[in-house]
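Trainee: Pasting upload13.tsv here (TSV, C-alpha atoms):
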```tsv
chain	number	residue	atom	x	y	z
A	11	MET	CA	-12.08	38.50	81.78
A	12	LYS	CA	-8.43	39.03	82.33
A	13	LEU	CA	-5.92	36.38	81.20
A	14	GLY	CA	-2.87	35.62	83.24
A	15	LYS	CA	0.64	35.11	81.84
A	16	ASP	CA	0.41	31.31	82.06
A	17	GLU	CA	-2.91	31.32	80.30
A	18	ILE	CA	-1.57	33.51	77.46
A	19	GLN	CA	1.38	31.12	77.06
A	20	LYS	CA	-1.00	28.15	76.94
A	21	LEU	CA	-3.19	29.96	74.41
A	22	VAL	CA	-0.22	30.76	72.10
A	23	LEU	CA	1.02	27.20	72.36
A	24	GLY	CA	-2.48	25.94	71.60
A	25	VAL	CA	-2.75	28.15	68.53
A	26	LEU	CA	0.69	27.00	67.33
A	27	LEU	CA	-0.29	23.38	67.89
A	28	PHE	CA	-3.55	23.97	65.97
A	29	PHE	CA	-1.74	25.41	62.98
A	30	GLY	CA	0.79	22.56	63.12
A	31	LEU	CA	-2.05	20.05	63.07
A	32	VAL	CA	-3.77	21.83	60.15
A	33	TYR	CA	-0.51	21.90	58.20
A	34	SER	CA	0.15	18.21	58.89
A	35	TYR	CA	-3.41	17.32	57.93
A	36	PHE	CA	-3.10	18.98	54.52
A	37	ASP	CA	0.52	18.16	53.83
A	38	LEU	CA	0.78	14.62	55.13
A	39	LEU	CA	-2.73	13.28	54.67
A	40	LEU	CA	-4.80	15.16	52.10
A	41	GLY	CA	-1.89	16.30	49.87
A	42	PRO	CA	-0.47	12.86	48.96
A	43	LEU	CA	-3.99	11.51	48.55
A	44	SER	CA	-4.87	14.28	46.11
A	45	LYS	CA	-1.63	13.71	44.21
A	46	GLN	CA	-2.34	10.01	44.00
A	47	GLN	CA	-5.88	10.73	42.82
A	48	ALA	CA	-4.62	13.09	40.14
A	49	GLY	CA	-2.06	10.50	39.00
A	50	SER	CA	-4.67	7.78	38.83
A	51	ARG	CA	-7.08	10.02	36.92
A	52	GLN	CA	-4.30	10.88	34.48
A	53	SER	CA	-3.55	7.19	33.97
A	54	ILE	CA	-7.25	6.48	33.36
A	55	ALA	CA	-7.44	9.36	30.88
A	56	ALA	CA	-4.32	8.09	29.09
A	57	LEU	CA	-5.58	4.52	28.94
A	58	GLY	CA	-8.93	5.54	27.40
A	59	PRO	CA	-7.55	6.57	23.99
A	60	GLU	CA	-5.13	3.62	24.03
A	61	ILE	CA	-8.02	1.20	24.50
A	62	SER	CA	-10.07	2.97	21.81
A	63	LYS	CA	-7.08	2.84	19.46
A	64	ALA	CA	-6.55	-0.85	20.12
A	65	LYS	CA	-10.26	-1.56	19.56
A	66	ALA	CA	-10.19	0.44	16.30
A	67	GLN	CA	-7.10	-1.50	15.20
A	68	ILE	CA	-8.82	-4.83	15.85
A	69	GLU	CA	-11.94	-3.64	13.98
A	70	LYS	CA	-9.87	-2.41	11.03
A	71	ALA	CA	-8.04	-5.74	10.79
A	72	ARG	CA	-11.39	-7.56	11.00
A	73	GLN	CA	-12.78	-5.49	8.11
A	74	LEU	CA	-9.63	-6.00	6.07
A	75	GLU	CA	-9.88	-9.72	6.73
A	76	ALA	CA	-13.48	-9.67	5.47
A	77	ASN	CA	-12.45	-7.87	2.26
A	78	ALA	CA	-9.21	-9.80	1.86
A	79	GLU	CA	-10.78	-12.61	-0.11
A	80	SER	CA	-11.46	-10.46	-3.18
A	81	ALA	CA	-8.07	-8.74	-2.93
A	82	GLN	CA	-6.27	-12.07	-2.82
A	83	ILE	CA	-7.98	-13.67	-5.81
A	84	ILE	CA	-5.47	-12.32	-8.34
A	85	SER	CA	-2.56	-13.21	-6.11
A	86	ARG	CA	-3.84	-16.79	-5.78
A	87	GLN	CA	-4.52	-17.06	-9.50
A	88	VAL	CA	-1.01	-15.89	-10.26
A	89	ASP	CA	0.43	-18.34	-7.76
A	90	ALA	CA	-1.55	-21.13	-9.42
A	91	MET	CA	-0.22	-20.12	-12.85
A	92	ILE	CA	3.40	-20.60	-11.82
A	93	PRO	CA	4.38	-24.29	-11.69
A	94	GLU	CA	6.60	-25.60	-8.93
A	95	GLY	CA	10.24	-26.27	-9.68
A	96	SER	CA	12.92	-24.56	-11.69
A	97	PRO	CA	11.55	-22.51	-14.63
A	98	VAL	CA	14.29	-23.92	-16.88
A	99	ALA	CA	12.67	-27.30	-16.40
A	100	TRP	CA	9.09	-26.32	-17.21
A	101	PHE	CA	9.19	-23.22	-19.37
A	102	PRO	CA	10.77	-24.52	-22.64
A	103	PRO	CA	8.46	-27.59	-22.87
A	104	ARG	CA	5.47	-25.40	-22.09
A	105	ILE	CA	6.37	-22.98	-24.92
A	106	ALA	CA	7.09	-25.84	-27.34
A	107	ASP	CA	3.71	-27.42	-26.49
A	108	PHE	CA	1.95	-24.11	-26.88
A	109	PHE	CA	3.35	-23.40	-30.36
A	110	LYS	CA	2.76	-27.01	-31.39
A	111	LYS	CA	-0.87	-26.55	-30.41
A	112	GLN	CA	-0.88	-23.44	-32.63
A	113	GLY	CA	0.47	-25.41	-35.59
A	114	ILE	CA	4.07	-24.25	-35.28
A	115	ASP	CA	6.12	-27.39	-34.90
A	116	LYS	CA	9.53	-26.09	-34.04
A	117	ALA	CA	10.16	-23.70	-31.21
A	118	LEU	CA	13.55	-23.46	-29.54
A	119	THR	CA	13.63	-21.74	-26.17
A	120	ARG	CA	16.64	-20.66	-24.18
A	121	LEU	CA	17.13	-18.58	-21.07
A	122	ASN	CA	18.65	-15.19	-21.85
A	123	GLY	CA	18.78	-13.67	-18.40
A	124	GLU	CA	17.10	-12.81	-15.18
A	125	VAL	CA	16.17	-9.53	-13.54
A	126	PRO	CA	14.74	-9.06	-10.06
A	127	ASP	CA	11.39	-7.35	-10.06
A	128	LYS	CA	11.75	-4.20	-7.99
A	129	GLU	CA	8.04	-3.42	-7.96
A	130	ILE	CA	6.57	-6.73	-6.92
A	131	PRO	CA	8.31	-8.27	-3.93
A	132	GLY	CA	8.88	-12.01	-4.12
A	133	PHE	CA	8.94	-12.10	-7.91
A	134	ARG	CA	11.62	-12.03	-10.58
A	135	LYS	CA	11.52	-11.65	-14.32
A	136	LEU	CA	13.10	-14.25	-16.58
A	137	LEU	CA	13.99	-13.34	-20.14
A	138	TRP	CA	13.66	-16.11	-22.69
A	139	GLY	CA	14.62	-16.22	-26.34
A	140	VAL	CA	12.16	-18.18	-28.46
A	141	ASP	CA	13.31	-19.07	-31.96
A	142	LEU	CA	10.67	-20.11	-34.46
A	143	PRO	CA	12.81	-21.05	-37.50
A	144	LYS	CA	9.98	-21.62	-39.94
A	145	VAL	CA	6.69	-19.87	-39.50
A	146	GLU	CA	4.11	-18.15	-41.64
A	147	PHE	CA	3.06	-14.64	-40.72
A	148	VAL	CA	-0.66	-15.25	-40.15
A	149	PRO	CA	-0.26	-18.37	-37.94
A	150	LEU	CA	2.46	-16.50	-36.06
A	151	ALA	CA	0.17	-13.53	-35.45
A	152	GLU	CA	-2.57	-15.90	-34.28
A	153	ALA	CA	-0.12	-17.69	-32.00
A	154	VAL	CA	1.04	-14.36	-30.54
A	155	ALA	CA	-2.59	-13.37	-29.90
A	156	ALA	CA	-3.29	-16.71	-28.20
A	157	LEU	CA	-0.11	-16.45	-26.13
A	158	GLU	CA	-0.98	-12.96	-24.95
A	159	ASN	CA	-4.51	-14.05	-24.04
A	160	GLU	CA	-3.70	-17.34	-22.37
A	161	GLU	CA	-0.52	-16.44	-20.51
A	162	PRO	CA	-1.00	-13.25	-18.49
A	163	LEU	CA	2.44	-13.56	-16.91
A	164	PHE	CA	4.24	-13.51	-20.25
A	165	GLU	CA	5.10	-10.36	-22.14
A	166	ILE	CA	6.78	-10.16	-25.51
A	167	ALA	CA	9.64	-7.73	-25.09
A	168	THR	CA	11.07	-7.95	-28.58
A	169	LEU	CA	9.81	-9.49	-31.77
A	170	GLN	CA	11.77	-9.98	-34.96
A	171	ILE	CA	10.46	-11.51	-38.14
A	172	ASP	CA	12.79	-12.16	-41.06
A	173	ALA	CA	11.59	-13.24	-44.48
A	174	SER	CA	13.40	-16.23	-45.86
A	175	ARG	CA	15.07	-15.71	-49.23
A	176	GLU	CA	14.61	-19.35	-50.21
A	177	ASP	CA	11.00	-19.71	-49.17
A	178	VAL	CA	8.92	-16.52	-49.51
A	179	GLU	CA	5.96	-18.07	-47.74
A	180	SER	CA	7.74	-18.68	-44.47
A	181	GLN	CA	9.63	-16.44	-42.09
A	182	ARG	CA	11.87	-16.85	-39.14
A	183	ALA	CA	10.68	-15.30	-35.92
A	184	LEU	CA	12.71	-14.52	-32.85
A	185	ILE	CA	10.76	-13.58	-29.77
A	186	THR	CA	12.12	-12.35	-26.45
A	187	LEU	CA	9.63	-13.20	-23.76
A	188	SER	CA	9.69	-11.95	-20.21
A	189	ASN	CA	8.05	-14.21	-17.69
A	190	LEU	CA	7.15	-13.42	-14.11
A	191	VAL	CA	8.12	-16.18	-11.67
A	192	LYS	CA	8.44	-16.48	-7.92
A	193	GLN	CA	11.81	-15.95	-6.31
B	2	MET	CA	-44.22	44.17	97.32
B	3	ALA	CA	-42.50	41.17	98.83
B	4	ILE	CA	-38.71	41.02	98.88
B	5	ARG	CA	-37.23	37.88	97.28
B	6	LEU	CA	-33.70	36.94	98.15
B	7	ASN	CA	-31.63	34.65	95.99
B	8	LEU	CA	-29.37	32.88	98.36
B	9	TYR	CA	-27.90	30.69	95.55
B	10	HIS	CA	-26.64	33.50	93.35
B	11	GLU	CA	-23.00	32.58	93.93
B	12	VAL	CA	-23.61	28.96	93.02
B	13	ILE	CA	-25.53	29.99	89.88
B	14	LYS	CA	-22.78	32.43	88.87
B	15	ALA	CA	-20.12	29.73	89.32
B	16	LYS	CA	-22.18	27.31	87.18
B	17	ALA	CA	-22.59	29.95	84.45
B	18	LEU	CA	-18.87	30.68	84.47
B	19	LYS	CA	-18.15	26.97	84.23
B	20	ARG	CA	-20.58	26.65	81.29
B	21	ARG	CA	-18.92	29.51	79.36
B	22	ASP	CA	-15.37	28.25	80.01
B	23	PRO	CA	-13.39	29.28	76.83
B	24	LEU	CA	-11.06	26.29	77.13
B	25	LYS	CA	-13.97	23.90	77.10
B	26	LEU	CA	-15.65	25.74	74.22
B	27	SER	CA	-12.45	25.78	72.15
B	28	ILE	CA	-11.99	22.05	72.82
B	29	TYR	CA	-15.50	21.45	71.50
B	30	VAL	CA	-14.82	23.56	68.38
B	31	LEU	CA	-11.47	21.85	67.77
B	32	ALA	CA	-13.07	18.45	68.23
B	33	ALA	CA	-15.75	19.38	65.70
B	34	ILE	CA	-13.10	20.57	63.21
B	35	ALA	CA	-11.06	17.40	63.78
B	36	ALA	CA	-14.17	15.28	63.19
B	37	LEU	CA	-14.92	17.16	59.98
B	38	GLY	CA	-11.29	16.79	58.82
B	39	ALA	CA	-11.30	13.09	59.58
B	40	GLY	CA	-14.65	12.68	57.79
B	41	TRP	CA	-13.39	14.54	54.74
B	42	TYR	CA	-10.21	12.41	54.73
B	43	PHE	CA	-12.19	9.18	54.84
B	44	PHE	CA	-14.46	10.47	52.11
B	45	GLN	CA	-11.39	11.16	49.98
B	46	LEU	CA	-10.03	7.70	50.80
B	47	MET	CA	-13.29	6.16	49.57
B	48	ARG	CA	-13.09	8.17	46.36
B	49	MET	CA	-9.48	7.11	45.92
B	50	SER	CA	-10.49	3.50	46.30
B	51	GLY	CA	-13.14	3.96	43.58
B	52	ILE	CA	-10.61	5.59	41.25
B	53	ASN	CA	-8.13	2.79	41.90
B	54	ASP	CA	-10.79	0.21	41.05
B	55	GLU	CA	-11.55	2.04	37.82
B	56	LEU	CA	-7.85	2.24	36.97
B	57	ALA	CA	-7.37	-1.46	37.71
B	58	SER	CA	-10.29	-2.40	35.46
B	59	LYS	CA	-8.98	-0.14	32.66
B	60	LYS	CA	-5.52	-1.66	33.02
B	61	ALA	CA	-6.95	-5.16	32.92
B	62	GLU	CA	-8.97	-4.28	29.81
B	63	PHE	CA	-5.92	-2.77	28.13
B	64	GLU	CA	-3.74	-5.74	29.01
B	65	LYS	CA	-6.40	-8.03	27.55
B	66	ILE	CA	-6.86	-6.01	24.37
B	67	GLU	CA	-3.24	-5.01	23.69
B	68	PRO	CA	-1.99	-8.45	22.49
B	69	LEU	CA	-5.06	-8.69	20.23
B	70	ALA	CA	-4.31	-5.23	18.82
B	71	LYS	CA	-0.69	-6.20	18.29
B	72	ALA	CA	-1.75	-9.34	16.42
B	73	ALA	CA	-4.27	-7.25	14.43
B	74	ARG	CA	-1.48	-4.83	13.48
B	75	VAL	CA	0.66	-7.69	12.18
B	76	ARG	CA	-2.30	-9.20	10.33
B	77	GLU	CA	-3.20	-5.83	8.84
B	78	ALA	CA	0.35	-5.39	7.57
B	79	GLU	CA	0.21	-8.89	6.03
B	80	LEU	CA	-3.17	-8.26	4.39
B	81	SER	CA	-2.08	-4.85	3.12
B	82	ALA	CA	1.05	-6.38	1.61
B	83	GLN	CA	-1.04	-9.10	-0.04
B	84	ALA	CA	-3.54	-6.55	-1.38
B	85	GLN	CA	-0.71	-4.37	-2.65
B	86	ARG	CA	0.90	-7.37	-4.33
B	87	SER	CA	-2.41	-8.30	-5.97
B	88	GLY	CA	-2.86	-4.72	-7.15
B	89	LEU	CA	0.64	-4.60	-8.60
B	90	LEU	CA	0.19	-7.96	-10.32
B	91	GLU	CA	-3.11	-6.83	-11.81
B	92	LYS	CA	-1.53	-3.58	-12.99
B	93	ARG	CA	1.39	-5.48	-14.50
B	94	ILE	CA	-0.90	-7.91	-16.33
B	95	GLU	CA	-3.20	-5.13	-17.57
B	96	GLY	CA	-0.27	-2.91	-18.53
B	97	ARG	CA	1.38	-5.42	-20.88
B	98	PHE	CA	2.03	-4.42	-24.43
B	99	TYR	CA	-0.04	-6.52	-26.80
B	100	TRP	CA	1.65	-7.32	-30.08
B	101	ALA	CA	-1.26	-9.17	-31.65
B	102	PRO	CA	-3.26	-5.99	-32.50
B	103	VAL	CA	-0.10	-4.41	-33.97
B	104	LEU	CA	0.48	-7.44	-36.21
B	105	ALA	CA	-3.21	-7.57	-37.18
B	106	GLU	CA	-3.23	-3.91	-38.19
B	107	LEU	CA	0.02	-4.30	-40.13
B	108	MET	CA	-1.51	-7.24	-41.98
B	109	GLN	CA	-4.44	-5.05	-42.99
B	110	ILE	CA	-2.42	-2.08	-44.25
B	111	VAL	CA	0.41	-3.75	-46.15
B	112	PRO	CA	-0.69	-3.62	-49.81
B	113	ARG	CA	0.01	-6.35	-52.35
B	114	GLU	CA	2.66	-4.10	-53.96
B	115	VAL	CA	4.80	-4.33	-50.83
B	116	GLN	CA	6.79	-7.23	-49.50
B	117	ILE	CA	8.02	-6.93	-45.92
B	118	THR	CA	11.43	-8.54	-45.66
B	119	ARG	CA	12.11	-7.86	-42.04
B	120	MET	CA	10.20	-6.58	-39.08
B	121	GLY	CA	11.57	-5.91	-35.65
B	122	GLY	CA	9.90	-4.50	-32.59
B	123	GLU	CA	11.01	-3.64	-29.09
B	124	ILE	CA	9.23	-2.50	-25.98
B	125	SER	CA	10.88	-0.31	-23.38
B	126	GLY	CA	9.94	1.75	-20.37
B	127	GLU	CA	7.73	1.37	-17.31
B	128	GLY	CA	4.40	3.15	-16.96
B	129	VAL	CA	4.39	4.76	-20.39
B	130	ARG	CA	5.62	1.99	-22.70
B	131	LYS	CA	7.50	2.94	-25.80
B	132	CYS	CA	7.32	0.58	-28.75
B	133	GLN	CA	9.80	0.93	-31.54
B	134	ILE	CA	9.15	-1.00	-34.73
B	135	THR	CA	11.37	-1.15	-37.80
B	136	ILE	CA	9.88	-2.42	-41.02
B	137	ASP	CA	12.19	-3.23	-43.92
B	138	GLY	CA	10.68	-4.09	-47.28
B	139	LEU	CA	10.42	-3.84	-50.99
B	140	SER	CA	7.75	-1.85	-52.82
B	141	ALA	CA	6.88	-2.28	-56.45
B	142	GLY	CA	4.68	-0.45	-58.90
B	143	ALA	CA	4.71	2.35	-61.43
B	144	ASP	CA	5.93	4.65	-58.65
B	145	PRO	CA	7.43	2.37	-55.98
B	146	ARG	CA	8.50	5.33	-53.81
B	147	ARG	CA	4.86	6.50	-53.72
B	148	VAL	CA	3.79	2.99	-52.67
B	149	ALA	CA	6.30	3.06	-49.81
B	150	GLU	CA	5.18	6.55	-48.79
B	151	ASP	CA	1.54	5.42	-48.80
B	152	LEU	CA	2.48	2.55	-46.51
B	153	ARG	CA	4.32	4.92	-44.14
B	154	THR	CA	1.35	7.29	-43.86
B	155	ALA	CA	-1.10	4.38	-43.58
B	156	ILE	CA	0.87	3.01	-40.64
B	157	ALA	CA	0.73	6.37	-38.84
B	158	GLU	CA	-3.00	6.77	-39.55
B	159	LYS	CA	-3.86	3.22	-38.51
B	160	PHE	CA	-1.97	3.29	-35.21
B	161	THR	CA	-2.86	6.84	-34.13
B	162	PRO	CA	-6.37	6.04	-32.76
B	163	ASN	CA	-5.05	3.22	-30.55
B	164	PHE	CA	-1.68	4.56	-29.40
B	165	LYS	CA	-0.19	7.82	-28.20
B	166	ASP	CA	2.50	9.92	-29.95
B	167	VAL	CA	2.69	7.78	-33.06
B	168	THR	CA	5.49	8.64	-35.45
B	169	SER	CA	6.30	6.87	-38.67
B	170	THR	CA	9.45	7.98	-40.48
B	171	PHE	CA	11.65	6.66	-43.26
B	172	LYS	CA	15.02	5.47	-42.15
B	173	MET	CA	15.86	4.68	-45.73
B	174	LEU	CA	14.11	4.81	-49.11
B	175	GLU	CA	16.09	3.91	-52.22
B	176	ASP	CA	15.33	2.84	-55.75
B	177	GLY	CA	15.79	-0.88	-56.14
B	178	THR	CA	18.03	-2.45	-58.76
B	179	GLU	CA	15.74	-5.36	-59.55
B	180	MET	CA	12.47	-5.41	-61.43
B	181	VAL	CA	9.52	-7.55	-60.35
B	182	MET	CA	6.61	-9.00	-62.23
B	183	LEU	CA	3.36	-7.45	-60.99
B	184	ASP	CA	-0.01	-7.87	-62.73
B	185	GLY	CA	1.79	-9.34	-65.74
B	186	GLN	CA	4.11	-6.33	-66.09
B	187	GLN	CA	7.70	-5.69	-65.08
B	188	ARG	CA	7.70	-3.01	-62.40
B	189	PRO	CA	10.52	-1.06	-60.79
B	190	THR	CA	11.12	-1.51	-57.09
B	191	ALA	CA	12.25	0.53	-54.14
B	192	THR	CA	13.69	-0.68	-50.86
B	193	PHE	CA	12.65	1.05	-47.72
B	194	ALA	CA	13.04	0.98	-43.98
B	195	ILE	CA	10.35	2.59	-41.84
B	196	ASN	CA	10.79	3.46	-38.19
B	197	VAL	CA	7.58	3.46	-36.20
B	198	GLN	CA	7.37	4.74	-32.65
B	199	LEU	CA	4.29	4.48	-30.55
B	200	HIS	CA	3.47	4.86	-26.88
B	201	THR	CA	0.95	3.25	-24.62
B	202	GLY	CA	0.15	3.14	-20.90
B	203	GLU	CA	-0.09	5.79	-18.25
B	204	GLU	CA	2.59	7.84	-16.54
B	205	LYS	CA	3.50	6.31	-13.19
B	206	PRO	CA	2.39	8.41	-10.22
B	207	ALA	CA	5.29	10.19	-8.57
B	208	PRO	CA	6.40	8.60	-5.28
B	209	PRO	CA	5.22	10.50	-2.19
B	210	ALA	CA	7.66	13.19	-1.07
B	211	ARG	CA	9.75	12.33	1.98
B	212	ARG	CA	8.86	14.09	5.16
B	213	LYS	CA	11.46	16.44	6.46
B	214	LYS	CA	12.63	15.50	9.91
```
Would you mind giving the structure from this file in C-alpha cells?

Mentor:
Amino acid sequence: MKLGKDEIQKLVLGVLLFFGLVYSYFDLLLGPLSKQQAGSRQSIAALGPEISKAKAQIEKARQLEANAESAQIISRQVDAMIPEGSPVAWFPPRIADFFKKQGIDKALTRLNGEVPDKEIPGFRKLLWGVDLPKVEFVPLAEAVAALENEEPLFEIATLQIDASREDVESQRALITLSNLVKQ
Amino acid sequence: MAIRLNLYHEVIKAKALKRRDPLKLSIYVLAAIAALGAGWYFFQLMRMSGINDELASKKAEFEKIEPLAKAARVREAELSAQAQRSGLLEKRIEGRFYWAPVLAELMQIVPREVQITRMGGEISGEGVRKCQITIDGLSAGADPRRVAEDLRTAIAEKFTPNFKDVTSTFKMLEDGTEMVMLDGQQRPTATFAINVQLHTGEEKPAPPARRKK
C-alpha cells in the first residue's frame, strides 16, 4: 500500500497530536493528582506521630494525676503547718507557748532577718533569735528535742548556752531558729 | 471438473480493504487507549478521594486531641512542680541538723570534775552540714589538764560513730588560778576551750551540665 503526500502529512499530524495528548494527560491530569496524593500521604504520615505523641502526653498526665496524691501529701502537710497571717504575729507566741509547755517560763523571740529560699520556690526562711534567760541544761535539752520532733519546719542554726555566775544551776540560752514560711 | 466463477470478487475485495482500513484501526486503538487512560484517571481520582477522607479524619482527630494534650502538658508541669516541691521539702526536713542528740551525748560524757561554763554551736553549709561547737569550761582534779584532755578525746570518740570528719581540738588549755573543793579536798583547776567540728548530710548532686548549642 502506497501512501500519498496528503496521507503522510495527516499521519505525521496525527502522531504529533497523539503525543501532545499523552503529554497533556500525564502533565495536566495524572501529574497534579499524583502530587496531591503524595502531599496528602505525607500529611497523614506526619499527623500519625503527632497524634500518638498527644495520646502519650494525655496518658502520662493521667498517670501522674493518679500518683499525685502521694506526692502531694508532704506539700499539704507543710502548708497546714504554716498558719495564715504575718509570721511576726504568730511565731513569737507559738514559741513562748511551746517553751512554757516544756517548763521554761520565759522565752523572748525577735526576728533577726529573712532570706529567700533559692531551692524551694514559694518559700522563704525567717531567722529568729530566741532568748531563754533562765534555763537548766536538762530541761533545755529536752525542750530542744521536743522542738526538733514537733516542728519539722524549724531548724536550730546556732545555739549558745552560758552558765550564770550567780546561779550555777541555771544557764542562759540563746537560740537562732530558722523557720520555713510561705512567701 | 466444473469451472466456478466468482463474479463478486471485486465487491469482496473492496469490503476486505474497507475492513482493514488503517485509519479506522488506528482510531479503534486510540479509542481503546483513551478509554484506558480515562479509566486509570478515574481510578486515581477515587483513590485520591479515599486519601482525602483519611486525611480529614486524621486532622479531625488531631484537632480534637491537641487541646487535651496541651492541657495535659500544663497539668503535667504543675504536678511535676508540686512533686518536686514535696521532694525538696521532705529533703529539707530530713536533712536538718538535730541538736538534741549532740546535747544528750555531751551530757553523758562530761564528768563531774568538769564544769561547762559556755557552749556555743553553729551550723553552716548546704548538703554536707558543718557543725562547729565551742565548749569552754573548768576542770578540776589532781591533774586538771588530764581531765580536760580526757573530755576532749571522749568528745571525739563519742561523736565519731554518728558524724563524719569529727575533730576535737583545744583552742586553749591553761592552769586555773582558783582551787575548788572536790570530794572534800581542795583541787587545782584548769580552764579550757575545746573546738569540735563535725559533719553530717550528703554531698549535693552536681547540677546537670548545660548542653552546648

Trainee: Could you pull the residues within 8 Å of segment 42-46 of chain B, counting all atoms listed in the file, minus those fewer than 4 positions along the same chain, as a ChimeraX atom specification?

Mentor: /A:39-40,43 /B:38,50

Trainee: Which residues are close to Phe63 of chain B, i.e. within 10 Å by only C-alpha atoms, leaving aside same-chain residues fewer than 5 positions away? Reply as number ranges by chain.

Mentor: A: 57-58, 60-62, 64-65; B: 57-58, 68-70

Trainee: List every residue of chain A that has an atom at most 8 Å from any atom of chain B, and for each one report the closest atom pair and its distance in Å to one decimal, counting only C-alpha atoms, with rows sorted by chain and then by increasing residue number, as a tab-separated table.

Mentor:
```
residue	atom	partner	partner_atom	distance
A:Tyr35	CA	B:Gly38	CA	7.9
A:Leu39	CA	B:Tyr42	CA	7.5
A:Leu40	CA	B:Tyr42	CA	6.6
A:Leu43	CA	B:Leu46	CA	7.5
A:Gln46	CA	B:Met49	CA	7.9
A:Gln47	CA	B:Met49	CA	6.0
A:Ser50	CA	B:Leu56	CA	6.7
A:Arg51	CA	B:Ile52	CA	7.1
A:Ser53	CA	B:Leu56	CA	7.2
A:Ile54	CA	B:Leu56	CA	5.6
A:Leu57	CA	B:Lys59	CA	6.9
A:Gly58	CA	B:Lys59	CA	7.7
A:Glu60	CA	B:Phe63	CA	7.6
A:Ile61	CA	B:Phe63	CA	5.8
A:Ala64	CA	B:Ala70	CA	5.1
A:Lys65	CA	B:Ala70	CA	7.0
A:Gln67	CA	B:Ala70	CA	5.9
A:Ile68	CA	B:Ala73	CA	5.3
A:Lys70	CA	B:Glu77	CA	7.8
A:Ala71	CA	B:Glu77	CA	5.2
A:Arg72	CA	B:Ala73	CA	7.9
A:Leu74	CA	B:Glu77	CA	7.0
A:Glu75	CA	B:Leu80	CA	7.3
A:Ala78	CA	B:Leu80	CA	6.7
A:Ala81	CA	B:Ala84	CA	5.3
A:Gln82	CA	B:Ser87	CA	6.2
A:Ile83	CA	B:Ser87	CA	7.7
A:Ile84	CA	B:Ser87	CA	5.6
A:Ser85	CA	B:Ser87	CA	4.9
A:Glu129	CA	B:Leu89	CA	7.5
A:Ile130	CA	B:Arg86	CA	6.3
A:Pro131	CA	B:Arg86	CA	7.5
A:Ala151	CA	B:Ala101	CA	6.0
A:Glu152	CA	B:Ala101	CA	7.3
A:Val154	CA	B:Ala101	CA	5.8
A:Ala155	CA	B:Ala101	CA	4.7
A:Glu158	CA	B:Tyr99	CA	6.8
A:Pro162	CA	B:Ile94	CA	5.8
A:Leu163	CA	B:Ile94	CA	6.6
A:Glu165	CA	B:Arg97	CA	6.3
A:Ile166	CA	B:Trp100	CA	7.4
A:Ala167	CA	B:Ile124	CA	5.3
A:Thr168	CA	B:Glu123	CA	4.3
A:Leu169	CA	B:Gly122	CA	5.1
A:Gln170	CA	B:Gly121	CA	4.1
A:Ile171	CA	B:Met120	CA	5.0
A:Asp172	CA	B:Arg119	CA	4.5
A:Ala173	CA	B:Thr118	CA	4.8
A:Ser174	CA	B:Thr118	CA	7.9
```

Trainee: For Gly113 of chain A, which residue out of A:Ala153, A:Leu137, A:Lys128, A:Phe164 is the nearest one, using all atoms listed in the file?

Mentor: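 Among A:Ala153, A:Leu137, A:Lys128, A:Phe164, it is A:Ala153 that comes nearest to Gly113 of chain A.
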
Trainee: Kindly indicate which residue among B:Glu79, B:Asp184, B:Glu158, B:Glu127 lies nearest to Gly142 of chain B, using all atoms listed in the file for the distances.

Mentor: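 Smallest separation from Gly142 of chain B among the options: B:Asp184.
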
Trainee: Check the smallest atom-to-atom distance from each of B:Lys159, B:Arg5, B:Arg147, B:Lys165 to Glu106 of chain B using only C-alpha atoms, then report the winner.

Mentor: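 Closest to Glu106 of chain B, using only C-alpha atoms: B:Lys159.
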
Trainee: Pick the closest to Arg182 of chain A from A:Pro59, A:Pro143, A:Pro102, A:Gly49: which is it, counting all atoms listed in the file?

Mentor: A:Pro143

Trainee: So how far away is atom CA of Gly14 of chain A from atom CA of Val32 of chain A, in Å?

Mentor: 26.9 Å

Trainee: As an exercise, work out the distance from atom CA of Leu26 of chain A to atom CA of Lys12 of chain A in Å and give it to one decimal place.

Mentor: 21.3 Å

Trainee: Hey, which of A:Glu160, A:Asn189, A:Val148, A:Leu184 ends up closest to Gln109 of chain B? Count all atoms listed in the file.

Mentor: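 Using all atoms listed in the file, Gln109 of chain B sits closest to A:Val148.
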
Trainee: Once 4 Å is added on each side, what are the centre and the three edge lengths, in Å to one decimal, of the axis-aligned box enclosing the listed atoms of segment 41-55 of chain A? Present them as JSON.

Mentor:
```
{"center_x": -4.0, "center_y": 11.4, "center_z": 40.4, "size_x": 15.0, "size_y": 17.8, "size_z": 27.0}
```

Trainee: Name all residues at most 7 Å from Arg120 of chain A (count only C-alpha atoms; drop same-chain ones fewer than 2 positions away) and give them as a list in words.

Mentor: Leu118, Asn122, Trp138, Gly139 and Val140 of chain A

Trainee: Keeping only C-alpha atoms, take the residues you just selected and write them out as a PDB file, in the frame of the given file.

Mentor:
```pdb
ATOM      1  CA  LEU A 118      13.550 -23.460 -29.540  1.00  0.00           C
ATOM      2  CA  ASN A 122      18.650 -15.190 -21.850  1.00  0.00           C
ATOM      3  CA  TRP A 138      13.660 -16.110 -22.690  1.00  0.00           C
ATOM      4  CA  GLY A 139      14.620 -16.220 -26.340  1.00  0.00           C
ATOM      5  CA  VAL A 140      12.160 -18.180 -28.460  1.00  0.00           C
TER       6      VAL A 140
END
```

Trainee: Please report the interatomic distance between atom CA of Gln193 of chain A and atom CA of Leu121 of chain A in Å with one decimal.

Mentor: 15.9 Å
